[in-house]
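Next comes query.pdb, a file with PDB, C-alpha atoms, pLDDT in the B column.
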```pdb
MODEL        1
ATOM      1  CA  MET A 843       6.641  44.877  -7.442  1.00 87.00           C
ATOM      2  CA  ILE A 844       4.801  43.927 -10.624  1.00 94.00           C
ATOM      3  CA  SER A 845       2.053  41.302 -10.480  1.00 97.00           C
ATOM      4  CA  ALA A 846       1.826  39.008 -13.492  1.00 98.00           C
ATOM      5  CA  SER A 847      -0.210  35.948 -14.285  1.00 98.00           C
ATOM      6  CA  ILE A 848       2.001  33.204 -15.668  1.00 98.00           C
ATOM      7  CA  ASP A 849       1.111  29.955 -17.370  1.00 98.00           C
ATOM      8  CA  ILE A 850       3.036  27.355 -19.308  1.00 98.00           C
ATOM      9  CA  GLU A 851       2.224  24.372 -21.472  1.00 98.00           C
ATOM     10  CA  THR A 852       4.688  21.495 -21.432  1.00 98.00           C
ATOM     11  CA  THR A 853       5.563  18.235 -23.175  1.00 97.00           C
ATOM     12  CA  GLY A 854       4.714  16.337 -19.980  1.00 97.00           C
ATOM     13  CA  LEU A 855       4.460  16.527 -16.219  1.00 96.00           C
ATOM     14  CA  GLU A 856       8.052  15.959 -15.087  1.00 97.00           C
ATOM     15  CA  ALA A 857      10.323  19.008 -14.852  1.00 96.00           C
ATOM     16  CA  GLY A 858      13.816  18.083 -15.987  1.00 95.00           C
ATOM     17  CA  VAL A 859      12.491  15.471 -18.396  1.00 97.00           C
ATOM     18  CA  HIS A 860       9.748  17.394 -20.146  1.00 97.00           C
ATOM     19  CA  GLU A 861       9.996  20.927 -21.528  1.00 97.00           C
ATOM     20  CA  ILE A 862       8.049  24.167 -21.696  1.00 98.00           C
ATOM     21  CA  VAL A 863       6.552  24.573 -25.175  1.00 98.00           C
ATOM     22  CA  GLN A 864       4.395  27.646 -24.535  1.00 98.00           C
ATOM     23  CA  LEU A 865       4.921  30.521 -22.113  1.00 98.00           C
ATOM     24  CA  ALA A 866       2.527  33.360 -21.289  1.00 98.00           C
ATOM     25  CA  VAL A 867       3.194  36.212 -18.862  1.00 98.00           C
ATOM     26  CA  ILE A 868       0.471  38.841 -18.408  1.00 98.00           C
ATOM     27  CA  PRO A 869       1.254  41.728 -16.045  1.00 98.00           C
ATOM     28  CA  PHE A 870      -1.827  43.329 -14.509  1.00 97.00           C
ATOM     29  CA  ASN A 871      -2.617  46.418 -12.454  1.00 96.00           C
ATOM     30  CA  GLU A 872      -4.451  46.824  -9.123  1.00 94.00           C
ATOM     31  CA  LYS A 873      -7.762  46.749 -11.012  1.00 95.00           C
ATOM     32  CA  PHE A 874      -6.752  43.356 -12.472  1.00 96.00           C
ATOM     33  CA  GLU A 875      -6.515  44.833 -15.969  1.00 97.00           C
ATOM     34  CA  PRO A 876      -3.809  43.333 -18.202  1.00 97.00           C
ATOM     35  CA  MET A 877      -0.918  45.698 -18.965  1.00 95.00           C
ATOM     36  CA  GLY A 878       0.653  43.910 -21.891  1.00 95.00           C
ATOM     37  CA  ARG A 879       1.749  40.352 -22.444  1.00 97.00           C
ATOM     38  CA  PHE A 880       4.583  38.084 -23.391  1.00 98.00           C
ATOM     39  CA  VAL A 881       3.475  34.949 -25.241  1.00 98.00           C
ATOM     40  CA  SER A 882       5.603  32.501 -27.174  1.00 98.00           C
ATOM     41  CA  TYR A 883       5.690  28.936 -28.341  1.00 98.00           C
ATOM     42  CA  ILE A 884       9.018  27.222 -27.705  1.00 98.00           C
ATOM     43  CA  LYS A 885      10.733  24.563 -29.788  1.00 98.00           C
ATOM     44  CA  PRO A 886      11.353  21.440 -27.695  1.00 97.00           C
ATOM     45  CA  LEU A 887      14.997  20.325 -27.708  1.00 97.00           C
ATOM     46  CA  ARG A 888      14.071  16.750 -26.766  1.00 97.00           C
ATOM     47  CA  PRO A 889      10.884  16.064 -28.749  1.00 96.00           C
ATOM     48  CA  GLU A 890      11.393  12.300 -28.404  1.00 97.00           C
ATOM     49  CA  LEU A 891      10.590  12.645 -24.667  1.00 97.00           C
ATOM     50  CA  ALA A 892       7.263  14.389 -25.279  1.00 96.00           C
ATOM     51  CA  ASP A 893       4.282  12.645 -23.739  1.00 96.00           C
ATOM     52  CA  PRO A 894       1.621  12.246 -26.469  1.00 95.00           C
ATOM     53  CA  THR A 895      -1.126  12.749 -23.869  1.00 95.00           C
ATOM     54  CA  ALA A 896       0.325  16.118 -22.840  1.00 95.00           C
ATOM     55  CA  LEU A 897       0.495  17.286 -26.449  1.00 93.00           C
ATOM     56  CA  GLU A 898      -3.108  16.194 -26.990  1.00 93.00           C
ATOM     57  CA  VAL A 899      -4.295  18.046 -23.866  1.00 93.00           C
ATOM     58  CA  ASN A 900      -2.379  21.165 -24.935  1.00 90.00           C
ATOM     59  CA  HIS A 901      -3.655  20.950 -28.539  1.00 91.00           C
ATOM     60  CA  LEU A 902      -0.052  21.091 -29.766  1.00 92.00           C
ATOM     61  CA  ASN A 903       1.931  19.015 -32.224  1.00 92.00           C
ATOM     62  CA  LEU A 904       5.645  18.526 -32.581  1.00 94.00           C
ATOM     63  CA  LYS A 905       5.689  19.407 -36.274  1.00 94.00           C
ATOM     64  CA  GLU A 906       4.343  22.902 -35.550  1.00 94.00           C
ATOM     65  CA  LEU A 907       6.446  23.312 -32.399  1.00 96.00           C
ATOM     66  CA  ASN A 908       9.563  22.525 -34.421  1.00 95.00           C
ATOM     67  CA  LYS A 909       9.015  25.870 -36.223  1.00 97.00           C
ATOM     68  CA  ALA A 910       8.936  27.816 -32.921  1.00 98.00           C
ATOM     69  CA  PRO A 911      11.854  29.822 -31.528  1.00 98.00           C
ATOM     70  CA  THR A 912      14.422  27.896 -29.489  1.00 98.00           C
ATOM     71  CA  PRO A 913      14.469  28.069 -25.684  1.00 97.00           C
ATOM     72  CA  ALA A 914      17.526  30.356 -25.812  1.00 97.00           C
ATOM     73  CA  GLN A 915      15.758  32.743 -28.208  1.00 98.00           C
ATOM     74  CA  VAL A 916      12.607  32.859 -26.065  1.00 98.00           C
ATOM     75  CA  ARG A 917      14.631  33.317 -22.871  1.00 97.00           C
ATOM     76  CA  SER A 918      16.475  36.254 -24.435  1.00 97.00           C
ATOM     77  CA  CYS A 919      13.261  37.842 -25.769  1.00 98.00           C
ATOM     78  CA  PHE A 920      11.502  37.389 -22.435  1.00 98.00           C
ATOM     79  CA  ILE A 921      14.326  39.016 -20.457  1.00 97.00           C
ATOM     80  CA  GLU A 922      14.463  41.936 -22.901  1.00 97.00           C
ATOM     81  CA  TRP A 923      10.656  42.357 -22.761  1.00 97.00           C
ATOM     82  CA  LYS A 924      10.629  42.243 -18.954  1.00 97.00           C
ATOM     83  CA  GLU A 925      13.500  44.717 -18.591  1.00 95.00           C
ATOM     84  CA  ASP A 926      12.033  47.107 -21.183  1.00 95.00           C
ATOM     85  CA  LEU A 927       8.737  47.244 -19.275  1.00 93.00           C
ATOM     86  CA  PHE A 928       9.798  46.884 -15.646  1.00 93.00           C
ATOM     87  CA  GLY A 929      13.561  47.351 -15.441  1.00 94.00           C
ATOM     88  CA  GLN A 930      15.069  45.485 -12.497  1.00 94.00           C
ATOM     89  CA  GLU A 931      11.763  45.259 -10.625  1.00 95.00           C
ATOM     90  CA  GLN A 932      10.822  41.686  -9.766  1.00 96.00           C
ATOM     91  CA  ILE A 933       7.628  40.027 -10.948  1.00 97.00           C
ATOM     92  CA  CYS A 934       5.272  38.643  -8.309  1.00 97.00           C
ATOM     93  CA  PRO A 935       3.923  35.511 -10.020  1.00 98.00           C
ATOM     94  CA  LEU A 936       0.251  34.576 -10.027  1.00 98.00           C
ATOM     95  CA  GLY A 937      -0.700  31.198 -11.395  1.00 98.00           C
ATOM     96  CA  HIS A 938      -2.869  28.151 -11.003  1.00 98.00           C
ATOM     97  CA  ASN A 939      -0.787  25.340  -9.538  1.00 96.00           C
ATOM     98  CA  TYR A 940       2.171  27.651 -10.083  1.00 96.00           C
ATOM     99  CA  ALA A 941       3.988  26.883  -6.830  1.00 94.00           C
ATOM    100  CA  SER A 942       4.225  23.130  -7.407  1.00 94.00           C
ATOM    101  CA  PHE A 943       4.321  22.925 -11.227  1.00 97.00           C
ATOM    102  CA  ASP A 944       5.031  25.998 -13.344  1.00 97.00           C
ATOM    103  CA  SER A 945       7.765  27.402 -11.111  1.00 97.00           C
ATOM    104  CA  GLN A 946       9.724  24.121 -11.248  1.00 97.00           C
ATOM    105  CA  PHE A 947       9.786  24.200 -15.049  1.00 98.00           C
ATOM    106  CA  LEU A 948      10.593  27.926 -15.146  1.00 97.00           C
ATOM    107  CA  LYS A 949      13.532  27.529 -12.749  1.00 97.00           C
ATOM    108  CA  LEU A 950      15.028  24.956 -15.111  1.00 96.00           C
ATOM    109  CA  PHE A 951      14.169  26.996 -18.213  1.00 97.00           C
ATOM    110  CA  LEU A 952      15.727  30.199 -16.852  1.00 96.00           C
ATOM    111  CA  THR A 953      18.182  28.697 -14.308  1.00 92.00           C
ATOM    112  CA  SER A 954      17.427  29.114 -10.610  1.00 91.00           C
ATOM    113  CA  GLN A 955      19.723  32.123 -10.323  1.00 94.00           C
ATOM    114  CA  LEU A 956      18.055  34.039 -13.166  1.00 95.00           C
ATOM    115  CA  TYR A 957      14.600  32.977 -11.964  1.00 96.00           C
ATOM    116  CA  GLY A 958      15.401  34.465  -8.527  1.00 95.00           C
ATOM    117  CA  LYS A 959      16.503  37.712 -10.150  1.00 95.00           C
ATOM    118  CA  LEU A 960      13.369  38.067 -12.311  1.00 96.00           C
ATOM    119  CA  PHE A 961      10.685  36.692  -9.982  1.00 96.00           C
ATOM    120  CA  SER A 962       9.804  37.267  -6.350  1.00 95.00           C
ATOM    121  CA  TYR A 963       9.647  34.322  -3.972  1.00 94.00           C
ATOM    122  CA  ARG A 964       6.193  35.661  -3.043  1.00 94.00           C
ATOM    123  CA  VAL A 965       3.726  33.666  -5.122  1.00 96.00           C
ATOM    124  CA  GLU A 966      -0.036  33.927  -5.488  1.00 97.00           C
ATOM    125  CA  ASP A 967      -1.526  30.553  -6.432  1.00 97.00           C
ATOM    126  CA  THR A 968      -5.225  30.102  -7.158  1.00 98.00           C
ATOM    127  CA  SER A 969      -4.945  26.347  -6.598  1.00 97.00           C
ATOM    128  CA  ILE A 970      -3.721  26.861  -3.020  1.00 97.00           C
ATOM    129  CA  LEU A 971      -6.247  29.631  -2.413  1.00 97.00           C
ATOM    130  CA  ALA A 972      -9.095  27.418  -3.697  1.00 97.00           C
ATOM    131  CA  ARG A 973      -8.185  24.676  -1.186  1.00 96.00           C
ATOM    132  CA  ALA A 974      -8.192  27.231   1.642  1.00 96.00           C
ATOM    133  CA  LEU A 975     -11.529  28.690   0.539  1.00 97.00           C
ATOM    134  CA  LYS A 976     -13.049  25.185   0.433  1.00 96.00           C
ATOM    135  CA  ARG A 977     -11.701  24.472   3.932  1.00 96.00           C
ATOM    136  CA  VAL A 978     -13.448  27.534   5.388  1.00 95.00           C
ATOM    137  CA  GLY A 979     -16.677  26.990   3.444  1.00 95.00           C
ATOM    138  CA  LEU A 980     -16.400  29.864   0.961  1.00 95.00           C
ATOM    139  CA  LEU A 981     -16.209  27.425  -1.952  1.00 96.00           C
ATOM    140  CA  PRO A 982     -18.150  24.149  -2.151  1.00 96.00           C
ATOM    141  CA  LYS A 983     -16.090  21.227  -0.806  1.00 94.00           C
ATOM    142  CA  GLU A 984     -17.019  19.083  -3.831  1.00 96.00           C
ATOM    143  CA  LEU A 985     -15.661  21.674  -6.287  1.00 95.00           C
ATOM    144  CA  LYS A 986     -12.648  20.298  -8.133  1.00 94.00           C
ATOM    145  CA  GLY A 987      -9.513  22.371  -7.878  1.00 90.00           C
ATOM    146  CA  SER A 988      -8.784  22.590 -11.601  1.00 95.00           C
ATOM    147  CA  LEU A 989      -8.671  25.935 -13.363  1.00 96.00           C
ATOM    148  CA  SER A 990     -11.495  24.817 -15.671  1.00 95.00           C
ATOM    149  CA  SER A 991     -13.696  23.923 -12.646  1.00 96.00           C
ATOM    150  CA  LEU A 992     -13.029  27.293 -11.064  1.00 97.00           C
ATOM    151  CA  ARG A 993     -13.757  29.085 -14.352  1.00 96.00           C
ATOM    152  CA  GLU A 994     -17.037  27.215 -14.610  1.00 95.00           C
ATOM    153  CA  PHE A 995     -17.946  27.956 -10.985  1.00 97.00           C
ATOM    154  CA  PHE A 996     -17.269  31.681 -11.408  1.00 97.00           C
ATOM    155  CA  LYS A 997     -18.874  31.750 -14.894  1.00 96.00           C
ATOM    156  CA  ILE A 998     -15.716  32.906 -16.659  1.00 96.00           C
ATOM    157  CA  ASP A 999     -15.559  32.333 -20.404  1.00 91.00           C
ATOM    158  CA  CYS A1000     -12.435  30.945 -22.002  1.00 85.00           C
ATOM    159  CA  ALA A1001     -11.766  30.637 -25.731  1.00 80.00           C
ATOM    160  CA  VAL A1002      -9.409  27.637 -25.478  1.00 85.00           C
ATOM    161  CA  GLU A1003      -8.457  25.547 -22.457  1.00 87.00           C
ATOM    162  CA  HIS A1004      -4.834  24.512 -21.980  1.00 91.00           C
ATOM    163  CA  ASP A1005      -3.486  27.455 -23.931  1.00 95.00           C
ATOM    164  CA  ALA A1006      -0.928  29.363 -21.855  1.00 97.00           C
ATOM    165  CA  TYR A1007      -2.281  32.808 -22.797  1.00 97.00           C
ATOM    166  CA  GLU A1008      -5.957  31.933 -22.239  1.00 96.00           C
ATOM    167  CA  ASP A1009      -5.183  30.157 -18.961  1.00 97.00           C
ATOM    168  CA  ALA A1010      -3.063  33.057 -17.676  1.00 98.00           C
ATOM    169  CA  LEU A1011      -5.863  35.486 -18.533  1.00 97.00           C
ATOM    170  CA  SER A1012      -8.453  33.240 -16.847  1.00 97.00           C
ATOM    171  CA  THR A1013      -6.277  32.955 -13.752  1.00 98.00           C
ATOM    172  CA  ILE A1014      -6.396  36.739 -13.285  1.00 98.00           C
ATOM    173  CA  LYS A1015     -10.200  36.641 -13.456  1.00 97.00           C
ATOM    174  CA  VAL A1016     -10.476  33.649 -11.102  1.00 98.00           C
ATOM    175  CA  TYR A1017      -8.099  35.296  -8.618  1.00 98.00           C
ATOM    176  CA  LYS A1018     -10.154  38.496  -8.612  1.00 97.00           C
ATOM    177  CA  LYS A1019     -13.360  36.509  -7.968  1.00 97.00           C
ATOM    178  CA  MET A1020     -11.679  34.657  -5.106  1.00 97.00           C
ATOM    179  CA  LEU A1021     -10.505  37.886  -3.517  1.00 96.00           C
ATOM    180  CA  ASP A1022     -14.051  39.256  -3.871  1.00 95.00           C
ATOM    181  CA  LEU A1023     -15.312  36.138  -2.023  1.00 93.00           C
ATOM    182  CA  ILE A1024     -13.139  36.870   0.997  1.00 92.00           C
ATOM    183  CA  GLY A1025     -13.989  40.556   0.998  1.00 87.00           C
ATOM    184  CA  VAL A1026     -10.763  42.004  -0.357  1.00 86.00           C
ATOM    185  CA  LYS A1027     -11.548  45.251  -2.179  1.00 78.00           C
ATOM    186  CA  THR A1028     -10.541  44.906  -5.818  1.00 69.00           C
TER     187      THR A1028
ENDMDL
END
```
Full structure transcribed into structure tokens:
Amino acid sequence: MISASIDIETTGLEAGVHEIVQLAVIPFNEKFEPMGRFVSYIKPLRPELADPTALEVNHLNLKELNKAPTPAQVRSCFIEWKEDLFGQEQICPLGHNYASFDSQFLKLFLTSQLYGKLFSYRVEDTSILARALKRVGLLPKELKGSLSSLREFFKIDCAVEHDAYEDALSTIKVYKKMLDLIGVKT
């Protein structure tokens, strides 16, 4: 199974209402080294539903996103990219808040059936792991659970926050640091 860090940027917080407008998938090896990447902006089909706050947080604007490939084009390119690199092997997703946020959007973007074909149900989520590490005292209880807080705590540089590629890359680094904390050889 291939491990890949996945992050999305969206037009808001509600899957089914809001849309993915940036997708990044970064497969990585057992040494946590990236082995390629798939990154694309995606044209929203319902721009009138975009939450202005979400676009501000993501540093995106509808005028620029209107020039991006359509969801169908990105879906097709992603599937081709994945199959060229990994064939029928499923991707084991790693993400920050992936289980409760990103996966919901991706299941709608790809359809649940296609999502289940491409991705394993086994998910690694740094948000969930951070809560567990705080509970057992390996991370400070007052540490916020955001990716930016974890990056700051682990002293991980990031060029731009709330960019799918940069966040996916940071998530790999945060995950490795967390595994180091619990004594997993990386």
* To do: For stretch 1020-1028 of chain A, work out the shell of residues within 9 Å, counting only C-alpha atoms and skipping chain neighbours fewer than 5 positions away, then give it as a PyMOL selection string.
  => chain A and resi 872-874+968+971-972+975+980-981+996+1015
* Could you name the residues that touch A:Ala1006 at 10 Å or less, counting all atoms listed in the file, but leaving out those on the same chain fewer than 5 positions away, as a ChimeraX atom specification? -> /A:848-852,863-867,881-883,900,1011-1012
* To do: For A:Phe947, work out the shell of residues within 10 Å, counting all atoms listed in the file and skipping chain neighbours fewer than 2 positions away, then give it as an NGL selection string.
  => :A and (850-852 or 855-862 or 940 or 942-945 or 949-953)
* Nearest candidate to A:Glu1008 (options A:Ser847, A:Ser969, A:Gln955, A:Ser991; using only C-alpha atoms) ->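 Among the listed residues, the smallest separation from A:Glu1008 belongs to A:Ser847.
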* Taking all atoms listed in the file into account, which of A:Phe920, A:Ala974, A:Ser988, A:Thr853 comes nearest A:Glu1003? ->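 Going through A:Phe920, A:Ala974, A:Ser988, A:Thr853 one by one, the smallest distance to A:Glu1003 is for A:Ser988.
Here, the PyMOL selection byres ((chain A and resi 925-932) around 8) matches A:Met843, A:Ile844, A:Ile921, A:Glu922, A:Trp923, A:Lys924, A:Ile933, A:Cys934, A:Lys959, A:Leu960, A:Phe961, A:Ser962.
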* Please indicate the distance in Å from atom CA of A:Glu906 to atom CA of A:Lys885, rounded to one decimal place. =>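 We find that atom CA of A:Glu906 and atom CA of A:Lys885 lie 8.8 Å from each other.
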* To do: Could you give me, as a VMD selection string, the residues that have an atom at most 6 Å away from the point (9.3, 25.5, -30.1) in the coordinates of the file, using all atoms listed in the file?
  => chain A and resid 863 883 to 886 907 to 908 910 to 912
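Across the model, the gap from atom CA of A:Ala846 to atom CA of A:Val978 is 26.9 Å.
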* How many Å separate atom CA of A:Ser845 from atom CA of A:Pro869? -> 5.6 Å
* To do: Apply the PyMOL selection byres ((chain A and resi 998) around 10) to the file shown and report the selected residues as a list in words.
  => Ser990, Leu992, Arg993, Glu994, Phe995, Phe996, Lys997, Asp999, Cys1000, Ser1012, Thr1013, Lys1015, Val1016 and Lys1019 of chain A
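Distance check against A:Asp1009 using only C-alpha atoms: of A:Lys986, A:Arg964, A:His938, A:Arg977, the minimum falls on A:His938.
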For stretch 907-912 of chain A, I'd like the enclosing box, axis-aligned and padded by 4 Å on every side, reported as AutoDock Vina command-line options with centre and edge lengths in Å to one decimal.
```
--center_x 10.4 --center_y 26.2 --center_z -32.9 --size_x 16.0 --size_y 15.3 --size_z 14.7
```
* Ground truth for the PyMOL selection byres ((chain A and resi 894) around 12), written as a list in words ->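 Evaluating the PyMOL selection byres ((chain A and resi 894) around 12) on these coordinates yields Thr852, Thr853, Gly854, Leu855, His860, Pro889, Glu890, Leu891, Ala892, Asp893, Thr895, Ala896, Leu897, Glu898, Val899, Asn900, His901, Leu902, Asn903 and Leu904 of chain A.
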